[in-house]
>>> print(open('query_6.cif').read())   # mmCIF, C-alpha atoms
data_model
loop_
_atom_site.label_atom_id
_atom_site.label_comp_id
_atom_site.auth_asym_id
_atom_site.auth_seq_id
_atom_site.Cartn_x
_atom_site.Cartn_y
_atom_site.Cartn_z
CA MET A 1 17.62 6.66 -2.33
CA VAL A 2 19.96 5.48 0.39
CA MET A 3 19.71 2.26 2.39
CA ARG A 4 21.48 1.20 5.58
CA THR A 5 21.12 -1.82 7.84
CA ASP A 6 22.89 -2.59 11.10
CA PRO A 7 22.69 -5.57 13.48
CA GLY A 8 22.56 -3.27 16.51
CA LEU A 9 24.47 -3.91 19.73
CA VAL A 10 22.63 -6.93 21.14
CA ARG A 11 21.51 -9.30 18.39
CA GLY A 12 24.00 -11.87 17.11
CA GLN A 13 22.77 -11.63 13.52
CA ASN A 14 20.92 -9.23 11.27
CA GLU A 15 17.45 -10.44 10.25
CA ASP A 16 16.60 -7.23 8.38
CA SER A 17 16.95 -6.90 4.62
CA VAL A 18 16.73 -3.81 2.39
CA PHE A 19 16.65 -3.13 -1.35
CA VAL A 20 16.56 0.05 -3.43
CA ASP A 21 16.52 0.79 -7.15
CA ALA A 22 16.39 4.55 -7.69
CA ASP A 23 16.19 4.21 -11.48
CA ARG A 24 12.96 2.22 -11.17
CA GLY A 25 11.70 4.15 -8.14
CA LEU A 26 11.60 1.05 -5.94
CA ALA A 27 12.36 0.69 -2.21
CA ILE A 28 11.79 -2.40 -0.05
CA LEU A 29 12.48 -3.17 3.62
CA ALA A 30 11.82 -6.42 5.50
CA ASP A 31 12.30 -7.41 9.15
CA GLY A 32 12.48 -11.18 9.58
CA MET A 33 11.35 -13.37 12.42
CA GLY A 34 11.78 -17.03 13.31
CA GLY A 35 14.26 -19.48 14.78
CA TYR A 36 17.97 -19.79 14.09
CA GLN A 37 18.70 -17.88 10.83
CA ALA A 38 15.09 -18.35 9.72
CA GLY A 39 14.24 -14.65 10.03
CA GLU A 40 17.25 -13.75 7.95
CA VAL A 41 16.18 -16.24 5.28
CA ALA A 42 12.60 -14.89 5.23
CA SER A 43 13.59 -11.23 4.95
CA ASN A 44 16.16 -11.92 2.24
CA MET A 45 13.64 -13.96 0.28
CA ALA A 46 11.12 -11.14 0.61
CA THR A 47 13.37 -8.38 -0.74
CA THR A 48 14.97 -10.58 -3.43
CA LEU A 49 11.78 -12.15 -4.76
CA LEU A 50 9.68 -8.99 -4.53
CA SER A 51 12.25 -6.78 -6.25
CA SER A 52 12.77 -9.24 -9.11
CA GLY A 53 9.04 -9.88 -9.43
CA LEU A 54 8.21 -6.18 -9.63
CA GLN A 55 10.98 -5.53 -12.13
CA ARG A 56 9.61 -8.28 -14.37
CA ALA A 57 6.07 -6.98 -13.99
CA PHE A 58 7.04 -3.41 -14.89
CA LYS A 59 8.75 -4.63 -18.05
CA THR A 60 5.40 -5.94 -19.27
CA CYS A 61 3.37 -2.93 -18.14
CA ALA A 62 4.54 0.46 -16.84
CA ALA A 63 3.93 1.10 -13.14
CA HIS A 64 1.88 4.25 -13.88
CA THR A 65 -0.51 2.54 -16.32
CA ILE A 66 -4.15 2.55 -15.22
CA ASP A 67 -5.43 -0.99 -14.76
CA GLN A 68 -8.62 -1.37 -16.80
CA GLY A 69 -10.26 -3.77 -14.37
CA SER A 70 -9.82 -1.80 -11.16
CA GLY A 71 -9.10 1.74 -12.36
CA GLN A 72 -6.00 1.72 -10.14
CA LEU A 73 -2.35 2.14 -11.02
CA PHE A 74 -0.75 -1.05 -12.29
CA ALA A 75 1.81 -0.60 -9.50
CA GLN A 76 -0.94 -1.33 -6.96
CA ARG A 77 -1.96 -4.54 -8.68
CA ALA A 78 1.66 -5.60 -9.16
CA LEU A 79 2.46 -5.08 -5.48
CA VAL A 80 -0.53 -7.14 -4.35
CA GLU A 81 0.19 -9.96 -6.79
CA GLN A 82 3.94 -10.10 -6.20
CA ILE A 83 3.62 -9.94 -2.40
CA ALA A 84 1.16 -12.85 -2.59
CA ALA A 85 3.73 -14.81 -4.61
CA VAL A 86 6.46 -13.98 -2.09
CA ASN A 87 4.21 -15.06 0.78
CA SER A 88 3.59 -18.42 -0.89
CA ALA A 89 7.30 -18.95 -1.56
CA ILE A 90 8.31 -18.26 2.05
CA TYR A 91 5.46 -20.37 3.43
CA ARG A 92 6.43 -23.33 1.21
CA ALA A 93 10.09 -23.00 2.16
CA ALA A 94 9.16 -23.12 5.85
CA GLU A 95 7.03 -26.21 5.29
CA ASP A 96 9.71 -27.99 3.24
CA GLN A 97 12.58 -27.37 5.67
CA SER A 98 11.89 -27.94 9.36
CA ARG A 99 14.73 -25.63 10.46
CA PHE A 100 12.83 -22.74 8.85
CA GLY A 101 9.50 -23.68 10.43
CA GLY A 102 7.41 -20.69 11.45
CA MET A 103 9.63 -18.15 9.75
CA GLY A 104 8.14 -14.94 8.44
CA THR A 105 8.86 -11.28 7.89
CA THR A 106 7.30 -7.87 8.05
CA LEU A 107 7.45 -5.87 4.84
CA VAL A 108 7.12 -2.32 3.58
CA ALA A 109 7.58 -1.50 -0.10
CA ALA A 110 7.22 1.72 -2.09
CA VAL A 111 6.96 2.30 -5.85
CA PHE A 112 7.44 5.87 -7.08
CA CYS A 113 5.83 6.65 -10.44
CA ASP A 114 4.06 9.56 -12.15
CA ASP A 115 4.45 11.99 -9.21
CA ARG A 116 2.90 9.42 -6.89
CA MET A 117 4.03 6.78 -4.43
CA VAL A 118 2.30 3.45 -3.99
CA VAL A 119 3.12 1.88 -0.62
CA ALA A 120 2.31 -1.65 0.52
CA HIS A 121 2.98 -2.97 3.99
CA ILE A 122 2.44 -5.98 6.21
CA GLY A 123 3.34 -6.00 9.90
CA ASP A 124 5.04 -3.20 11.82
CA SER A 125 7.78 -1.96 9.52
CA ARG A 126 6.86 1.64 8.71
CA LEU A 127 6.98 4.38 6.10
CA TYR A 128 7.12 8.04 7.20
CA ARG A 129 6.93 11.26 5.18
CA LEU A 130 8.60 14.58 5.96
CA ARG A 131 6.96 17.42 4.02
CA GLY A 132 8.02 20.87 5.14
CA ASP A 133 7.71 20.79 8.92
CA GLU A 134 5.09 18.00 8.93
CA PHE A 135 6.33 14.50 9.78
CA VAL A 136 3.75 11.70 9.64
CA ALA A 137 3.57 7.92 9.42
CA LEU A 138 1.83 6.85 6.21
CA THR A 139 1.51 3.24 7.37
CA ARG A 140 -0.41 1.87 10.34
CA ASP A 141 1.08 -1.10 12.16
CA HIS A 142 -0.55 -4.51 11.89
CA SER A 143 0.15 -5.31 15.53
CA LEU A 144 -1.58 -6.22 18.78
CA LEU A 145 -0.34 -2.98 20.26
CA GLN A 146 -1.96 -0.91 17.49
CA GLU A 147 -5.24 -2.75 17.99
CA GLN A 148 -5.10 -2.00 21.72
CA LEU A 149 -4.44 1.67 20.96
CA ASP A 150 -7.27 1.82 18.43
CA CYS A 151 -9.87 0.47 20.86
CA GLY A 152 -8.61 2.58 23.77
CA GLN A 153 -7.33 -0.28 25.92
CA ILE A 154 -4.02 1.50 26.47
CA SER A 155 -2.65 5.02 26.06
CA ALA A 156 0.18 6.07 23.76
CA GLU A 157 2.41 6.50 26.82
CA GLU A 158 1.59 3.00 28.08
CA ALA A 159 2.27 1.61 24.61
CA ARG A 160 5.89 2.75 24.80
CA TYR A 161 6.55 0.26 27.60
CA SER A 162 4.14 -2.53 26.65
CA VAL A 163 5.35 -6.14 26.60
CA ASN A 164 3.23 -6.57 23.44
CA ARG A 165 5.27 -4.05 21.49
CA ASN A 166 6.57 -6.53 18.91
CA LEU A 167 3.58 -8.85 18.45
CA VAL A 168 2.44 -8.45 14.83
CA THR A 169 -0.98 -9.56 13.60
CA ARG A 170 0.13 -9.97 9.98
CA ALA A 171 3.40 -11.23 8.53
CA VAL A 172 4.66 -12.51 5.20
CA GLY A 173 5.13 -16.27 5.00
CA VAL A 174 3.47 -17.31 8.27
CA ASP A 175 0.10 -18.28 6.73
CA PRO A 176 -0.80 -19.61 3.28
CA GLN A 177 -2.30 -16.22 2.41
CA VAL A 178 -1.80 -12.69 3.68
CA GLU A 179 -3.39 -9.36 2.75
CA ALA A 180 -1.09 -6.45 2.02
CA GLU A 181 -2.41 -2.98 2.84
CA VAL A 182 -1.84 -0.72 -0.16
CA HIS A 183 -2.27 3.06 -0.49
CA THR A 184 -1.32 5.71 -3.05
CA HIS A 185 -0.04 9.18 -2.13
CA VAL A 186 0.73 12.25 -4.23
CA VAL A 187 4.43 13.15 -4.07
CA HIS A 188 5.85 16.69 -3.95
CA PRO A 189 9.39 17.86 -4.76
CA GLY A 190 11.31 18.21 -1.50
CA ASP A 191 9.50 15.35 0.23
CA VAL A 192 11.66 13.00 2.27
CA TYR A 193 10.42 9.45 2.86
CA LEU A 194 11.73 7.02 5.48
CA LEU A 195 11.18 3.27 5.47
CA CYS A 196 12.35 1.68 8.72
CA SER A 197 12.19 -1.38 10.93
CA ASP A 198 11.01 -1.29 14.53
CA GLY A 199 14.64 -1.34 15.65
CA LEU A 200 14.70 2.37 14.75
CA TYR A 201 11.38 3.80 15.91
CA ASP A 202 11.27 1.76 19.12
CA LEU A 203 14.42 3.54 20.30
CA LEU A 204 13.89 7.04 18.91
CA GLU A 205 11.19 9.57 19.60
CA THR A 206 9.25 10.67 16.53
CA ALA A 207 10.58 14.20 17.08
CA GLU A 208 14.16 12.90 17.08
CA ILE A 209 13.67 11.15 13.75
CA GLN A 210 12.13 14.29 12.27
CA HIS A 211 14.96 16.46 13.59
CA LEU A 212 17.64 14.25 12.04
CA LEU A 213 15.88 14.13 8.67
CA GLU A 214 15.50 17.92 8.68
CA MET A 215 19.11 18.44 9.70
CA PHE A 216 20.67 16.02 7.23
CA GLY A 217 18.05 16.03 4.48
CA ALA A 218 20.59 17.35 1.97
CA ASN A 219 22.89 14.37 2.64
CA LEU A 220 20.93 11.13 2.69
CA ASP A 221 23.97 8.99 3.50
CA LEU A 222 24.65 11.04 6.59
CA ALA A 223 20.97 11.06 7.54
CA ALA A 224 20.82 7.25 7.42
CA MET A 225 24.06 6.90 9.37
CA GLN A 226 22.94 9.33 12.06
CA LEU A 227 19.58 7.59 12.49
CA ILE A 228 21.27 4.23 13.05
CA GLN A 229 23.94 5.73 15.29
CA LEU A 230 21.35 7.36 17.55
CA ALA A 231 19.36 4.11 17.80
CA ASN A 232 22.56 2.33 18.85
CA ASP A 233 23.38 5.12 21.30
CA ASN A 234 19.94 4.51 22.85
CA GLY A 235 20.61 0.79 23.37
CA GLY A 236 20.65 -0.82 19.93
CA ASP A 237 18.68 -3.81 21.24
CA ASP A 238 17.39 -4.83 17.79
CA ASN A 239 18.49 -4.82 14.17
CA ILE A 240 18.13 -1.33 12.68
CA SER A 241 17.34 -0.69 9.02
CA VAL A 242 16.44 2.45 7.11
CA VAL A 243 15.77 3.56 3.56
CA VAL A 244 15.78 7.33 3.03
CA VAL A 245 14.29 8.75 -0.17
CA LYS A 246 14.33 12.40 -1.24
CA VAL A 247 12.21 13.66 -4.12
CA LEU A 248 14.36 16.12 -6.06
CA ARG A 249 11.92 17.10 -8.79
CA GLU A 250 8.62 16.18 -10.40
CA PHE A 251 8.61 12.88 -12.30
CA PRO A 252 5.45 12.75 -14.45
CA ALA A 253 4.89 9.69 -16.59
CA PRO A 254 5.87 10.10 -20.23
CA PRO A 255 2.85 10.69 -22.50
CA GLY A 256 1.42 7.61 -24.18
CA ARG A 257 1.42 7.15 -27.95
CA TRP A 258 -2.16 8.43 -28.28
CA SER A 259 -1.28 11.59 -26.36
CA LYS A 260 1.69 12.11 -28.63
CA LEU A 261 -0.48 11.60 -31.71
CA LEU A 262 -3.16 14.01 -30.49
CA SER A 263 -0.53 16.65 -29.74
CA LEU A 264 0.27 16.79 -33.46
CA PHE A 265 -3.21 18.20 -34.17
CA ARG A 266 -3.22 20.84 -31.44
#
>>> encode(input="query_6.cif", output="structure tokens")
Amino acid sequence: MVMRTDPGLVRGQNEDSVFVDADRGLAILADGMGGYQAGEVASNMATTLLSSGLQRAFKTCAAHTIDQGSGQLFAQRALVEQIAAVNSAIYRAAEDQSRFGGMGTTLVAAVFCDDRMVVAHIGDSRLYRLRGDEFVALTRDHSLLQEQLDCGQISAEEARYSVNRNLVTRAVGVDPQVEAEVHTHVVHPGDVYLLCSDGLYDLLETAEIQHLLEMFGANLDLAAMQLIQLANDNGGDDNISVVVVKVLREFPAPPGRWSKLLSLFR
């Protein structure tokens, strides 16, 4: 896992925040919004509180454990619960300090466990997957623009130049409660995953992002640097953040104690 964040060429400060922990298979990216420094506070709170909350949760129960109540991976439940806690913390901070009023942040977070990836997102920060020659977005923006596209009000070409490009319909910390969208995907060796803020994909064509990941997939540091450099070359009118993840091999969950016991009688 490699992370990079850059203020871009226009903004006076960087309101993006990123976090990775390759040992725990955890990647988080947040893009803050709000008044003076408020977006920076919100995004930093999101990555700091969510990473520490998930790490605590996974000490009590492994991410790959099947939750008895829902039949889902514990990672899914942990993401939902911890994002709700983060939302409450940011919302309270905005209420308690007037200078942070109205602050919030988009969020995309991925947990890799047992040859799977659980991804949660709120807002328009995205997660893409490159598998072979197929490059797809695994998240769908929570934005006015996406809603207009879904109902056919505008075309994809018109969306590129829309004044509503950055109006999100969900954000962390803006309301007392927010619903994270959570999905689980099977992971294959060789997959490359990209978490990014809109400062990247607003300035690069999807084909350009794919080309850079294919070209520099063996060197994640260089891939991240080239993505940010190209976004800056194209104007750099927003903060630009990326997390690039490459799956080197299978990572099945270790067998539980009952599996180990049963193996003795086989």
>>> resolve_selection(input="query_6.cif", expression="the PyMOL selection byres ((chain A and resi 53-55) around 9)", output="ChimeraX atom specification")
/A:24,26,48-52,56-59,75,78-79,82-83,85-86
>>> resolve_selection(input="query_6.cif", expression="the PyMOL selection byres ((chain A and resi 184-189) around 6)", output="list of chain:residue names")
A:Asp115, A:Arg116, A:Met117, A:Val118, A:His183, A:Gly190, A:Asp191, A:Val247, A:Leu248, A:Arg249, A:Glu250
>>> residues_around(input="query_6.cif", residues="Glu40 of chain A", least_positions_apart="2", cutoff="7 Å", atoms="all atoms listed in the file", output="mmCIF file with C-alpha atoms, in the coordinates of the input")
data_model
loop_
_atom_site.group_PDB
_atom_site.id
_atom_site.type_symbol
_atom_site.label_atom_id
_atom_site.label_comp_id
_atom_site.auth_asym_id
_atom_site.auth_seq_id
_atom_site.Cartn_x
_atom_site.Cartn_y
_atom_site.Cartn_z
ATOM 1 C CA ASN A 14 20.920 -9.230 11.270
ATOM 2 C CA GLU A 15 17.450 -10.440 10.250
ATOM 3 C CA ASP A 16 16.600 -7.230 8.380
ATOM 4 C CA GLY A 32 12.480 -11.180 9.580
ATOM 5 C CA GLN A 37 18.700 -17.880 10.830
ATOM 6 C CA ALA A 38 15.090 -18.350 9.720
ATOM 7 C CA ALA A 42 12.600 -14.890 5.230
ATOM 8 C CA SER A 43 13.590 -11.230 4.950
ATOM 9 C CA ASN A 44 16.160 -11.920 2.240
#
>>> resolve_selection(input="query_6.cif", expression="the PyMOL selection byres ((chain A and resi 143) around 12)", output="JSON, numbers by chain")
{"A": [106, 122, 123, 124, 125, 126, 139, 140, 141, 142, 144, 145, 146, 147, 148, 149, 150, 159, 164, 165, 166, 167, 168, 169, 170, 171, 198]}
>>> atom_distance(input="query_6.cif", atom1="atom CA of Asp175 of chain A", atom2="atom CA of Ser17 of chain A")
20.4 Å
>>> atom_distance(input="query_6.cif", atom1="atom CA of Gln97 of chain A", atom2="atom CA of Ala30 of chain A")
21.0 Å
>>> atom_distance(input="query_6.cif", atom1="atom CA of Ala120 of chain A", atom2="atom CA of Gly34 of chain A")
22.1 Å
>>> residues_around(input="query_6.cif", residues="Gln210 of chain A", least_positions_apart="3", cutoff="9 Å", atoms="all atoms listed in the file", output="list in words")
Leu130, Asp133, Glu134, Phe135, Glu205, Thr206, Ala207, Leu213, Glu214 and Met215 of chain A
